[in-house]
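Structure data follow from my_file_30.txt (compact mmCIF, C-alpha atoms and all ligand atoms):
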# COMPACT_ATOMS: atom_id res chain seq x y z
CA MET A 1 9.61 -1.41 22.99
CA ALA A 2 8.39 0.50 19.90
CA GLN A 3 10.08 3.88 19.35
CA LYS A 4 7.90 6.99 19.79
CA LEU A 5 7.36 8.74 16.44
CA THR A 6 7.81 12.46 15.85
CA THR A 7 5.22 14.28 13.70
CA GLN A 8 7.66 14.24 10.79
CA SER A 9 8.45 10.55 11.06
CA ALA A 10 4.71 9.84 11.38
CA ALA A 11 4.15 11.82 8.14
CA GLU A 12 6.78 9.74 6.35
CA ARG A 13 4.91 6.53 7.26
CA ILE A 14 1.68 7.67 5.56
CA ILE A 15 1.07 6.99 1.87
CA VAL A 16 -1.82 8.93 0.35
CA PRO A 17 -3.56 7.44 -2.70
CA LEU A 18 -4.24 9.66 -5.70
CA ASP A 19 -7.60 8.02 -6.38
CA VAL A 20 -8.80 10.75 -8.75
CA PRO A 21 -9.85 10.62 -12.41
CA THR A 22 -7.43 13.03 -14.09
CA MET A 23 -3.84 14.30 -14.02
CA GLU A 24 -5.12 17.83 -13.20
CA ASP A 25 -7.05 16.55 -10.17
CA ALA A 26 -3.98 14.62 -9.04
CA ILE A 27 -1.62 17.58 -9.30
CA ALA A 28 -4.09 19.83 -7.50
CA LEU A 29 -4.28 17.32 -4.64
CA VAL A 30 -0.49 16.92 -4.40
CA ASP A 31 -0.04 20.67 -4.25
CA THR A 32 -2.80 21.00 -1.63
CA ILE A 33 -0.95 18.78 0.87
CA PRO A 34 2.75 19.67 0.55
CA ASN A 35 3.64 17.71 3.71
CA VAL A 36 2.74 14.39 2.07
CA THR A 37 6.02 12.82 0.92
CA PHE A 38 4.72 9.45 -0.34
CA TRP A 39 1.91 9.21 -2.91
CA LYS A 40 0.18 6.18 -4.39
CA VAL A 41 -0.78 5.97 -8.05
CA GLY A 42 -3.41 3.29 -8.61
CA LEU A 43 -5.44 1.87 -11.44
CA GLU A 44 -7.85 4.77 -11.95
CA LEU A 45 -5.19 7.46 -12.36
CA PHE A 46 -2.62 5.35 -14.21
CA VAL A 47 -5.22 4.19 -16.76
CA SER A 48 -6.36 7.77 -17.29
CA ALA A 49 -3.10 9.75 -17.06
CA GLY A 50 -0.41 7.17 -17.88
CA PRO A 51 3.22 7.38 -16.71
CA ALA A 52 3.29 11.19 -17.08
CA ILE A 53 1.85 11.43 -13.55
CA LEU A 54 4.94 9.64 -12.21
CA GLU A 55 7.16 12.31 -13.77
CA GLN A 56 5.08 15.04 -12.13
CA LEU A 57 5.56 13.39 -8.73
CA LYS A 58 9.30 12.94 -9.27
CA GLN A 59 9.69 16.59 -10.23
CA ARG A 60 8.24 17.38 -6.80
CA GLN A 61 10.70 14.94 -5.11
CA LYS A 62 7.87 12.66 -3.95
CA ARG A 63 8.18 8.93 -3.25
CA ILE A 64 5.89 6.80 -5.40
CA PHE A 65 3.88 3.65 -4.74
CA LEU A 66 2.75 2.27 -8.12
CA ASP A 67 -0.24 0.18 -7.06
CA LEU A 68 -1.34 -1.67 -10.20
CA LYS A 69 -1.77 -5.05 -8.42
CA PHE A 70 -0.55 -7.30 -11.20
CA HIS A 71 -2.17 -10.76 -11.22
CA ASP A 72 -1.46 -12.90 -14.29
CA ILE A 73 0.62 -15.79 -15.62
CA PRO A 74 4.37 -15.67 -14.81
CA ASN A 75 5.51 -14.39 -18.21
CA THR A 76 3.02 -11.52 -18.19
CA MET A 77 3.70 -10.61 -14.55
CA ALA A 78 7.43 -10.52 -15.30
CA GLY A 79 6.94 -8.23 -18.30
CA ALA A 80 4.74 -5.84 -16.35
CA CYS A 81 7.13 -5.70 -13.37
CA ARG A 82 10.16 -5.20 -15.61
CA ALA A 83 8.47 -2.23 -17.27
CA ALA A 84 7.14 -0.79 -13.99
CA ALA A 85 10.59 -0.95 -12.37
CA GLY A 86 11.91 1.21 -15.22
CA TYR A 87 9.81 4.12 -13.96
CA GLY A 88 11.99 4.45 -10.86
CA VAL A 89 9.17 4.02 -8.36
CA ASP A 90 9.60 2.93 -4.73
CA LEU A 91 6.88 0.28 -4.35
CA ILE A 92 5.09 -1.98 -6.86
CA THR A 93 2.20 -4.36 -6.08
CA VAL A 94 1.30 -7.82 -7.31
CA HIS A 95 -1.33 -10.27 -6.00
CA ALA A 96 0.08 -13.13 -3.91
CA PRO A 97 -2.43 -15.73 -5.24
CA ALA A 98 -0.72 -15.46 -8.64
CA GLY A 99 1.51 -18.20 -7.16
CA LYS A 100 5.17 -18.81 -6.43
CA VAL A 101 6.44 -19.15 -10.02
CA ALA A 102 4.76 -15.87 -10.99
CA LEU A 103 5.98 -14.05 -7.87
CA GLN A 104 9.56 -15.23 -8.37
CA ALA A 105 9.44 -14.22 -12.04
CA ALA A 106 8.01 -10.82 -11.08
CA GLN A 107 10.73 -10.24 -8.46
CA ALA A 108 13.55 -11.20 -10.85
CA ALA A 109 12.11 -9.08 -13.66
CA ALA A 110 11.69 -6.03 -11.39
CA MET A 111 15.40 -6.24 -10.52
CA GLU A 112 16.30 -6.57 -14.22
CA GLY A 113 14.06 -3.66 -15.20
CA ALA A 114 15.63 -1.39 -12.59
CA ALA A 115 19.18 -2.40 -13.52
CA ALA A 116 18.54 -1.94 -17.24
CA THR A 117 17.32 1.61 -16.75
CA GLY A 118 19.74 2.62 -14.00
CA CYS A 119 16.88 3.08 -11.51
CA ALA A 120 17.05 2.07 -7.85
CA SER A 121 15.42 -1.33 -7.30
CA PRO A 122 11.77 -0.99 -6.26
CA ASN A 123 10.32 -3.01 -3.40
CA LEU A 124 7.91 -5.54 -4.83
CA ILE A 125 5.09 -6.26 -2.38
CA ALA A 126 2.19 -8.71 -2.63
CA VAL A 127 -1.43 -8.17 -1.68
CA THR A 128 -2.36 -10.98 0.73
CA LEU A 129 -6.12 -10.41 0.82
CA LEU A 130 -7.86 -7.19 -0.17
CA THR A 131 -8.98 -5.18 2.84
CA SER A 132 -12.49 -4.98 1.33
CA ILE A 133 -12.97 -8.73 1.93
CA ASN A 134 -14.47 -9.89 5.24
CA PRO A 135 -14.45 -13.43 6.66
CA ARG A 136 -17.92 -14.11 5.27
CA ALA A 137 -16.96 -13.12 1.70
CA LEU A 138 -13.74 -15.14 1.94
CA ALA A 139 -15.67 -18.26 2.95
CA PHE A 140 -18.89 -17.97 0.93
CA GLU A 141 -17.90 -15.97 -2.19
CA LEU A 142 -14.24 -16.92 -2.66
CA LYS A 143 -14.82 -20.42 -1.19
CA VAL A 144 -11.59 -20.31 0.81
CA SER A 145 -11.90 -22.78 3.67
CA LEU A 146 -9.04 -21.36 5.79
CA GLU A 147 -9.77 -18.83 8.54
CA LEU A 148 -9.04 -15.30 7.25
CA GLN A 149 -5.98 -14.84 9.50
CA ASP A 150 -4.54 -18.19 8.38
CA TYR A 151 -5.13 -17.37 4.72
CA ALA A 152 -3.42 -13.97 5.09
CA LEU A 153 -0.49 -15.70 6.82
CA GLN A 154 -0.15 -18.30 4.06
CA MET A 155 -0.14 -15.54 1.40
CA ALA A 156 2.44 -13.53 3.37
CA LEU A 157 4.71 -16.59 3.67
CA LEU A 158 4.27 -17.32 -0.03
CA ALA A 159 5.39 -13.77 -0.85
CA GLN A 160 8.35 -14.00 1.54
CA ASP A 161 9.43 -17.45 0.25
CA SER A 162 9.24 -16.08 -3.30
CA GLY A 163 11.78 -13.37 -2.45
CA LEU A 164 9.44 -10.36 -2.26
CA ARG A 165 10.26 -7.51 0.12
CA GLY A 166 6.87 -7.27 1.76
CA ILE A 167 3.11 -7.42 1.59
CA VAL A 168 -0.05 -5.37 1.58
CA CYS A 169 -2.21 -6.49 4.50
CA SER A 170 -4.94 -5.24 6.80
CA PRO A 171 -3.71 -3.69 10.05
CA GLN A 172 -5.87 -6.30 11.78
CA GLU A 173 -3.43 -8.98 10.63
CA ALA A 174 -0.28 -6.87 11.04
CA GLU A 175 0.69 -7.96 14.56
CA ALA A 176 0.63 -11.68 13.75
CA LEU A 177 2.31 -11.21 10.37
CA ARG A 178 5.07 -9.02 11.85
CA ARG A 179 5.77 -11.71 14.46
CA VAL A 180 6.14 -14.43 11.82
CA CYS A 181 7.74 -12.49 8.96
CA GLY A 182 10.27 -10.50 11.02
CA ASP A 183 11.26 -6.85 11.34
CA GLU A 184 12.73 -6.34 7.86
CA PHE A 185 9.60 -7.39 5.95
CA LEU A 186 7.50 -4.45 4.75
CA LEU A 187 3.90 -4.40 5.96
CA VAL A 188 1.97 -1.81 3.96
CA CYS A 189 -1.50 -1.37 5.44
CA PRO A 190 -4.56 0.15 3.79
CA GLY A 191 -7.86 -0.10 5.68
CA VAL A 192 -6.84 2.63 8.11
CA ARG A 193 -9.49 4.93 9.54
CA PRO A 194 -9.23 7.66 12.17
CA ALA A 195 -11.80 7.12 14.95
CA GLY A 196 -15.24 8.25 13.82
CA SER A 197 -14.49 8.42 10.10
CA ALA A 198 -16.54 6.47 7.54
CA LYS A 199 -15.21 2.99 6.71
CA GLY A 200 -16.72 2.97 3.20
CA ASP A 201 -15.81 -0.34 1.53
CA GLN A 202 -13.01 -1.14 4.01
CA GLN A 203 -13.92 -4.26 6.02
CA ARG A 204 -10.89 -4.82 8.26
CA ALA A 205 -9.92 -1.39 9.55
CA MET A 206 -7.98 0.03 12.50
CA THR A 207 -7.05 3.56 13.57
CA PRO A 208 -3.67 5.00 12.46
CA SER A 209 -2.02 4.68 15.89
CA GLN A 210 -3.37 1.13 16.34
CA ALA A 211 -1.99 0.16 12.91
CA ILE A 212 1.46 1.55 13.74
CA ALA A 213 1.41 -0.20 17.14
CA ALA A 214 0.45 -3.46 15.38
CA GLY A 215 3.65 -3.26 13.33
CA ALA A 216 2.68 -1.56 10.06
CA SER A 217 5.64 -0.15 8.13
CA TYR A 218 3.43 2.22 6.13
CA LEU A 219 -0.23 3.23 6.31
CA VAL A 220 -2.24 3.89 3.15
CA ILE A 221 -4.92 6.45 4.02
CA GLY A 222 -7.08 7.90 1.28
CA ARG A 223 -10.62 9.21 1.62
CA PRO A 224 -10.35 10.39 5.25
CA ILE A 225 -7.70 12.82 3.92
CA THR A 226 -8.51 13.41 0.25
CA GLN A 227 -12.25 13.89 0.76
CA ALA A 228 -11.93 16.01 3.90
CA GLU A 229 -13.01 19.64 3.73
CA ASN A 230 -9.38 20.58 4.37
CA PRO A 231 -7.08 17.71 3.27
CA ALA A 232 -3.91 19.32 4.68
CA THR A 233 -5.53 19.67 8.13
CA ALA A 234 -6.88 16.11 7.98
CA PHE A 235 -3.38 14.82 7.16
CA GLN A 236 -1.85 16.83 10.02
CA GLN A 237 -4.47 15.55 12.49
CA ILE A 238 -3.65 11.94 11.55
CA CYS A 239 0.08 12.63 12.07
CA ASP A 240 -0.75 14.12 15.48
CA GLU A 241 -2.97 11.15 16.39
CA ILE A 242 -0.07 8.77 15.66
CA THR A 243 2.40 10.96 17.56
CA ILE A 244 0.19 11.37 20.64
CA ASN A 245 -1.34 7.87 20.87
CA GLY A 246 1.49 5.85 19.27
O1 LIG B 301 -6.12 -4.53 0.12
C1 LIG B 301 -6.06 -3.38 -0.35
C2 LIG B 301 -5.12 -3.01 -1.30
C3 LIG B 301 -5.09 -1.72 -1.75
N1 LIG B 301 -5.96 -0.81 -1.28
C4 LIG B 301 -5.84 0.59 -1.81
O2 LIG B 301 -5.60 1.48 -0.73
C5 LIG B 301 -6.35 2.67 -0.88
C6 LIG B 301 -7.26 2.86 0.30
O3 LIG B 301 -8.00 4.03 0.15
P1 LIG B 301 -9.06 4.52 1.24
O4 LIG B 301 -9.71 5.69 0.60
O5 LIG B 301 -8.26 4.88 2.46
O6 LIG B 301 -10.01 3.40 1.50
C7 LIG B 301 -7.09 2.57 -2.23
O7 LIG B 301 -6.33 3.25 -3.20
C8 LIG B 301 -7.09 1.08 -2.53
O8 LIG B 301 -6.97 0.81 -3.92
C9 LIG B 301 -6.89 -1.15 -0.36
O9 LIG B 301 -7.72 -0.34 0.09
N2 LIG B 301 -6.90 -2.43 0.10

Just give me the structure as structure tokens.
Amino acid sequence: MAQKLTTQSAAERIIVPLDVPTMEDAIALVDTIPNVTFWKVGLELFVSAGPAILEQLKQRQKRIFLDLKFHDIPNTMAGACRAAAGYGVDLITVHAPAGKVALQAAQAAAMEGAAATGCASPNLIAVTLLTSINPRALAFELKVSLELQDYALQMALLAQDSGLRGIVCSPQEAEALRRVCGDEFLLVCPGVRPAGSAKGDQQRAMTPSQAIAAGASYLVIGRPITQAENPATAFQQICDEITING
């Protein structure tokens, strides 16, 4: 039976993305929600602010998910992961469809990059299928003939066979993937929406407590928190929802 979470342990399972255009906006947001312990730096902020934002987060003793979703040939993936691991971040993303040789090279290079800089090894995790893709887009735009759940499973197994520590997946696939990939494999789930909040571009969403019950290791929850009138209250309400309904 799943263990009941306390409010604090619920808070530690939520990663909040800093999807903002500047370093100043990012720092303001971090300081607005002091109870958030795990922040995600994605493409928008890293392209605009560079690695200096990672230093700011470390100074505040925050955990960091560097979500740059590398997808390239093996040599380039390896170089990017080696460099990213040198920042001393906790999680790094790549795309699973880059293929086994690229994923293995990325995993080995991340370990080398961490060792060379004396940083703790990051967990490299692979995006199975973006949570903005629905079954129709998978079939008719991406021309993938597998059912969405089967495709996500194949990508998860590819990541696991390549030696990665986990995946990014929708909470809708989490239960099946947890069953197949086992308890130690990290399932990091975006596409999480409290009941009644706008889905935006997320196509395969679940509520926070449903996602935890489905087996998610971490939830990535952005706009329902960061665009709320009071982000700290919105974060607290999500922690409470997980604690009460989980
Ligand atoms: O499949 C994926 C992979 C990454 N993301 C990222 O998660 C957050 C979600 O933000 P919301 O505001 O809660 O929608 C965002 O930074 C994405 O880049 C994802 O949504 N889906």

Which residues of chain A come within 8 Å of ligand LIG 301 (chain B), and for each one, what is the closest pair of atoms and their distance in Å to one decimal, counting only C-alpha atoms and all ligand atoms, sorted by chain and residue number, as CSV?
residue,atom,partner,partner_atom,distance
A:Val16,CA,B:LIG301,C5,7.8
A:Pro17,CA,B:LIG301,O7,5.0
A:Leu18,CA,B:LIG301,O7,7.2
A:Asp19,CA,B:LIG301,O7,5.9
A:Lys40,CA,B:LIG301,O7,7.2
A:Val41,CA,B:LIG301,O7,7.9
A:Gly42,CA,B:LIG301,O7,6.1
A:Leu43,CA,B:LIG301,O8,7.7
A:Asp67,CA,B:LIG301,C3,7.4
A:Val127,CA,B:LIG301,O1,6.2
A:Thr128,CA,B:LIG301,O1,7.5
A:Leu129,CA,B:LIG301,O1,5.9
A:Leu130,CA,B:LIG301,O1,3.2
A:Thr131,CA,B:LIG301,O1,4.0
A:Ser132,CA,B:LIG301,N2,6.3
A:Val168,CA,B:LIG301,C2,6.3
A:Cys169,CA,B:LIG301,O1,6.2
A:Ser170,CA,B:LIG301,O1,6.8
A:Cys189,CA,B:LIG301,C1,7.6
A:Pro190,CA,B:LIG301,O2,4.8
A:Gly191,CA,B:LIG301,O9,5.6
A:Val192,CA,B:LIG301,O5,6.2
A:Arg193,CA,B:LIG301,O5,7.2
A:Lys199,CA,B:LIG301,O6,7.4
A:Gly200,CA,B:LIG301,O6,6.9
A:Asp201,CA,B:LIG301,O6,6.9
A:Gln202,CA,B:LIG301,O6,6.0
A:Val220,CA,B:LIG301,O2,5.7
A:Ile221,CA,B:LIG301,O5,4.0
A:Gly222,CA,B:LIG301,O5,3.5
A:Arg223,CA,B:LIG301,O4,3.8
A:Pro224,CA,B:LIG301,O5,6.5
A:Thr226,CA,B:LIG301,O4,7.8

Once you have the residues from the selection above, write them out as a PDB file, in the coordinates of the input, restricted to C-alpha atoms.
ATOM      1  CA  VAL A  16      -1.820   8.930   0.350  1.00  0.00           C
ATOM      2  CA  PRO A  17      -3.560   7.440  -2.700  1.00  0.00           C
ATOM      3  CA  LEU A  18      -4.240   9.660  -5.700  1.00  0.00           C
ATOM      4  CA  ASP A  19      -7.600   8.020  -6.380  1.00  0.00           C
ATOM      5  CA  LYS A  40       0.180   6.180  -4.390  1.00  0.00           C
ATOM      6  CA  VAL A  41      -0.780   5.970  -8.050  1.00  0.00           C
ATOM      7  CA  GLY A  42      -3.410   3.290  -8.610  1.00  0.00           C
ATOM      8  CA  LEU A  43      -5.440   1.870 -11.440  1.00  0.00           C
ATOM      9  CA  ASP A  67      -0.240   0.180  -7.060  1.00  0.00           C
ATOM     10  CA  VAL A 127      -1.430  -8.170  -1.680  1.00  0.00           C
ATOM     11  CA  THR A 128      -2.360 -10.980   0.730  1.00  0.00           C
ATOM     12  CA  LEU A 129      -6.120 -10.410   0.820  1.00  0.00           C
ATOM     13  CA  LEU A 130      -7.860  -7.190  -0.170  1.00  0.00           C
ATOM     14  CA  THR A 131      -8.980  -5.180   2.840  1.00  0.00           C
ATOM     15  CA  SER A 132     -12.490  -4.980   1.330  1.00  0.00           C
ATOM     16  CA  VAL A 168      -0.050  -5.370   1.580  1.00  0.00           C
ATOM     17  CA  CYS A 169      -2.210  -6.490   4.500  1.00  0.00           C
ATOM     18  CA  SER A 170      -4.940  -5.240   6.800  1.00  0.00           C
ATOM     19  CA  CYS A 189      -1.500  -1.370   5.440  1.00  0.00           C
ATOM     20  CA  PRO A 190      -4.560   0.150   3.790  1.00  0.00           C
ATOM     21  CA  GLY A 191      -7.860  -0.100   5.680  1.00  0.00           C
ATOM     22  CA  VAL A 192      -6.840   2.630   8.110  1.00  0.00           C
ATOM     23  CA  ARG A 193      -9.490   4.930   9.540  1.00  0.00           C
ATOM     24  CA  LYS A 199     -15.210   2.990   6.710  1.00  0.00           C
ATOM     25  CA  GLY A 200     -16.720   2.970   3.200  1.00  0.00           C
ATOM     26  CA  ASP A 201     -15.810  -0.340   1.530  1.00  0.00           C
ATOM     27  CA  GLN A 202     -13.010  -1.140   4.010  1.00  0.00           C
ATOM     28  CA  VAL A 220      -2.240   3.890   3.150  1.00  0.00           C
ATOM     29  CA  ILE A 221      -4.920   6.450   4.020  1.00  0.00           C
ATOM     30  CA  GLY A 222      -7.080   7.900   1.280  1.00  0.00           C
ATOM     31  CA  ARG A 223     -10.620   9.210   1.620  1.00  0.00           C
ATOM     32  CA  PRO A 224     -10.350  10.390   5.250  1.00  0.00           C
ATOM     33  CA  THR A 226      -8.510  13.410   0.250  1.00  0.00           C
TER      34      THR A 226
END

Counting all atoms listed in the file, select every polymer residue within 12 Å of (-1.7, -6.3, -8.9) as defined in the file's coordinates, and provide the selection as a PyMOL selection string. chain A and resi 42-43+66-73+76-78+80-81+84+91-98+102-103+106+124-130+167-168

Let me see the file: selected residues, C-alpha atoms, as a PDB file, keeping the file's coordinate frame.
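Contents of out.pdb, freshly written:
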ATOM      1  CA  GLY A  42      -3.410   3.290  -8.610  1.00  0.00           C
ATOM      2  CA  LEU A  43      -5.440   1.870 -11.440  1.00  0.00           C
ATOM      3  CA  LEU A  66       2.750   2.270  -8.120  1.00  0.00           C
ATOM      4  CA  ASP A  67      -0.240   0.180  -7.060  1.00  0.00           C
ATOM      5  CA  LEU A  68      -1.340  -1.670 -10.200  1.00  0.00           C
ATOM      6  CA  LYS A  69      -1.770  -5.050  -8.420  1.00  0.00           C
ATOM      7  CA  PHE A  70      -0.550  -7.300 -11.200  1.00  0.00           C
ATOM      8  CA  HIS A  71      -2.170 -10.760 -11.220  1.00  0.00           C
ATOM      9  CA  ASP A  72      -1.460 -12.900 -14.290  1.00  0.00           C
ATOM     10  CA  ILE A  73       0.620 -15.790 -15.620  1.00  0.00           C
ATOM     11  CA  THR A  76       3.020 -11.520 -18.190  1.00  0.00           C
ATOM     12  CA  MET A  77       3.700 -10.610 -14.550  1.00  0.00           C
ATOM     13  CA  ALA A  78       7.430 -10.520 -15.300  1.00  0.00           C
ATOM     14  CA  ALA A  80       4.740  -5.840 -16.350  1.00  0.00           C
ATOM     15  CA  CYS A  81       7.130  -5.700 -13.370  1.00  0.00           C
ATOM     16  CA  ALA A  84       7.140  -0.790 -13.990  1.00  0.00           C
ATOM     17  CA  LEU A  91       6.880   0.280  -4.350  1.00  0.00           C
ATOM     18  CA  ILE A  92       5.090  -1.980  -6.860  1.00  0.00           C
ATOM     19  CA  THR A  93       2.200  -4.360  -6.080  1.00  0.00           C
ATOM     20  CA  VAL A  94       1.300  -7.820  -7.310  1.00  0.00           C
ATOM     21  CA  HIS A  95      -1.330 -10.270  -6.000  1.00  0.00           C
ATOM     22  CA  ALA A  96       0.080 -13.130  -3.910  1.00  0.00           C
ATOM     23  CA  PRO A  97      -2.430 -15.730  -5.240  1.00  0.00           C
ATOM     24  CA  ALA A  98      -0.720 -15.460  -8.640  1.00  0.00           C
ATOM     25  CA  ALA A 102       4.760 -15.870 -10.990  1.00  0.00           C
ATOM     26  CA  LEU A 103       5.980 -14.050  -7.870  1.00  0.00           C
ATOM     27  CA  ALA A 106       8.010 -10.820 -11.080  1.00  0.00           C
ATOM     28  CA  LEU A 124       7.910  -5.540  -4.830  1.00  0.00           C
ATOM     29  CA  ILE A 125       5.090  -6.260  -2.380  1.00  0.00           C
ATOM     30  CA  ALA A 126       2.190  -8.710  -2.630  1.00  0.00           C
ATOM     31  CA  VAL A 127      -1.430  -8.170  -1.680  1.00  0.00           C
ATOM     32  CA  THR A 128      -2.360 -10.980   0.730  1.00  0.00           C
ATOM     33  CA  LEU A 129      -6.120 -10.410   0.820  1.00  0.00           C
ATOM     34  CA  LEU A 130      -7.860  -7.190  -0.170  1.00  0.00           C
ATOM     35  CA  ILE A 167       3.110  -7.420   1.590  1.00  0.00           C
ATOM     36  CA  VAL A 168      -0.050  -5.370   1.580  1.00  0.00           C
TER      37      VAL A 168
END

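Coordinates place atom CA of A:Ala120 at a distance of 14.5 Å from atom CA of A:Lys62.
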
Got a sec: who's within 12 Å of stretch 230-236 of chain A, counting all atoms listed in the file, leaving out chain neighbours fewer than 4 positions off, as a compact mmCIF listing (two decimals) with C-alpha atoms, keeping the file's coordinate frame?
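What landed in part_38.txt:
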# COMPACT_ATOMS: atom_id res chain seq x y z
CA THR A 7 5.22 14.28 13.70
CA GLN A 8 7.66 14.24 10.79
CA ALA A 10 4.71 9.84 11.38
CA ALA A 11 4.15 11.82 8.14
CA GLU A 12 6.78 9.74 6.35
CA ARG A 13 4.91 6.53 7.26
CA ILE A 14 1.68 7.67 5.56
CA ILE A 15 1.07 6.99 1.87
CA VAL A 16 -1.82 8.93 0.35
CA ALA A 28 -4.09 19.83 -7.50
CA LEU A 29 -4.28 17.32 -4.64
CA VAL A 30 -0.49 16.92 -4.40
CA ASP A 31 -0.04 20.67 -4.25
CA THR A 32 -2.80 21.00 -1.63
CA ILE A 33 -0.95 18.78 0.87
CA PRO A 34 2.75 19.67 0.55
CA ASN A 35 3.64 17.71 3.71
CA VAL A 36 2.74 14.39 2.07
CA THR A 37 6.02 12.82 0.92
CA ARG A 193 -9.49 4.93 9.54
CA PRO A 194 -9.23 7.66 12.17
CA SER A 197 -14.49 8.42 10.10
CA PRO A 208 -3.67 5.00 12.46
CA VAL A 220 -2.24 3.89 3.15
CA ILE A 221 -4.92 6.45 4.02
CA GLY A 222 -7.08 7.90 1.28
CA ARG A 223 -10.62 9.21 1.62
CA PRO A 224 -10.35 10.39 5.25
CA ILE A 225 -7.70 12.82 3.92
CA THR A 226 -8.51 13.41 0.25
CA ASP A 240 -0.75 14.12 15.48
CA GLU A 241 -2.97 11.15 16.39
CA ILE A 242 -0.07 8.77 15.66
CA THR A 243 2.40 10.96 17.56

Any idea what's packed within 9 Å of A:Gln149, counting all atoms listed in the file, ignoring anything in its chain fewer than 2 positions away? Could you give it as a list in words?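 The contact residues come out as Leu146, Glu147, Tyr151, Ala152, Leu153, Gln154, Gln172, Glu173 and Ala176 of chain A.
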
May I have the selected residues written with C-alpha atoms, as a short mmCIF file (atom, residue, chain, number, x, y, z; two decimals), in the coordinates of the input?
data_model
loop_
_atom_site.label_atom_id
_atom_site.label_comp_id
_atom_site.auth_asym_id
_atom_site.auth_seq_id
_atom_site.Cartn_x
_atom_site.Cartn_y
_atom_site.Cartn_z
CA LEU A 146 -9.04 -21.36 5.79
CA GLU A 147 -9.77 -18.83 8.54
CA TYR A 151 -5.13 -17.37 4.72
CA ALA A 152 -3.42 -13.97 5.09
CA LEU A 153 -0.49 -15.70 6.82
CA GLN A 154 -0.15 -18.30 4.06
CA GLN A 172 -5.87 -6.30 11.78
CA GLU A 173 -3.43 -8.98 10.63
CA ALA A 176 0.63 -11.68 13.75
#

Proximity to A:Ala109 - best of A:Ile64, A:Leu164, A:Leu186, A:Val180, all atoms listed in the file: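 So, comparing all the options, the nearest one is A:Leu164.
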
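Of the residues listed (A:Gly246, A:Gln203, A:Ala216, A:Arg82), A:Gln203 shows the shortest atom-to-atom separation from A:Ala137; distances use only C-alpha atoms.
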
Work out how far apart atom CA of A:Ile53 and atom CA of A:Met23 are and give it in Å to one decimal.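 Computing it gives 6.4 Å between the two atoms.
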
Got a sec to check which residues sit within 10 Å of (6.1, 22.2, -8.6), counting all atoms listed in the file, and write them as number ranges by chain? A: 27, 30-31, 56-61

Can you work out the spacing between atom CA of A:Asp90 and atom CA of A:Phe65 in Å, to one decimal? 5.8 Å

Identify, on the basis of all atoms listed in the file, every residue whose closest approach to A:Arg178 does not exceed 10 Å; exclude the query and any residue fewer than 2 positions from it along the same chain; express the result as a list in words.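 So, after excluding close chain neighbours, the residues are Ala156, Glu173, Ala174, Glu175, Ala176, Val180, Cys181, Gly182, Asp183, Glu184, Phe185, Leu186, Leu187, Ala214, Gly215, Ala216 and Ser217 of chain A.
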
Edge lengths and centre in Å to one decimal, as JSON, of the axis-aligned box that encloses all listed atoms of stretch 40-57 of chain A with 4 Å added on every side?
{"center_x": -0.3, "center_y": 8.5, "center_z": -11.1, "size_x": 23.0, "size_y": 21.2, "size_z": 21.5}

Pick from A:Gly163, A:Pro171, A:Gly99, A:Gly113: nearest to A:Ala83, with only C-alpha atoms counted? A:Gly113
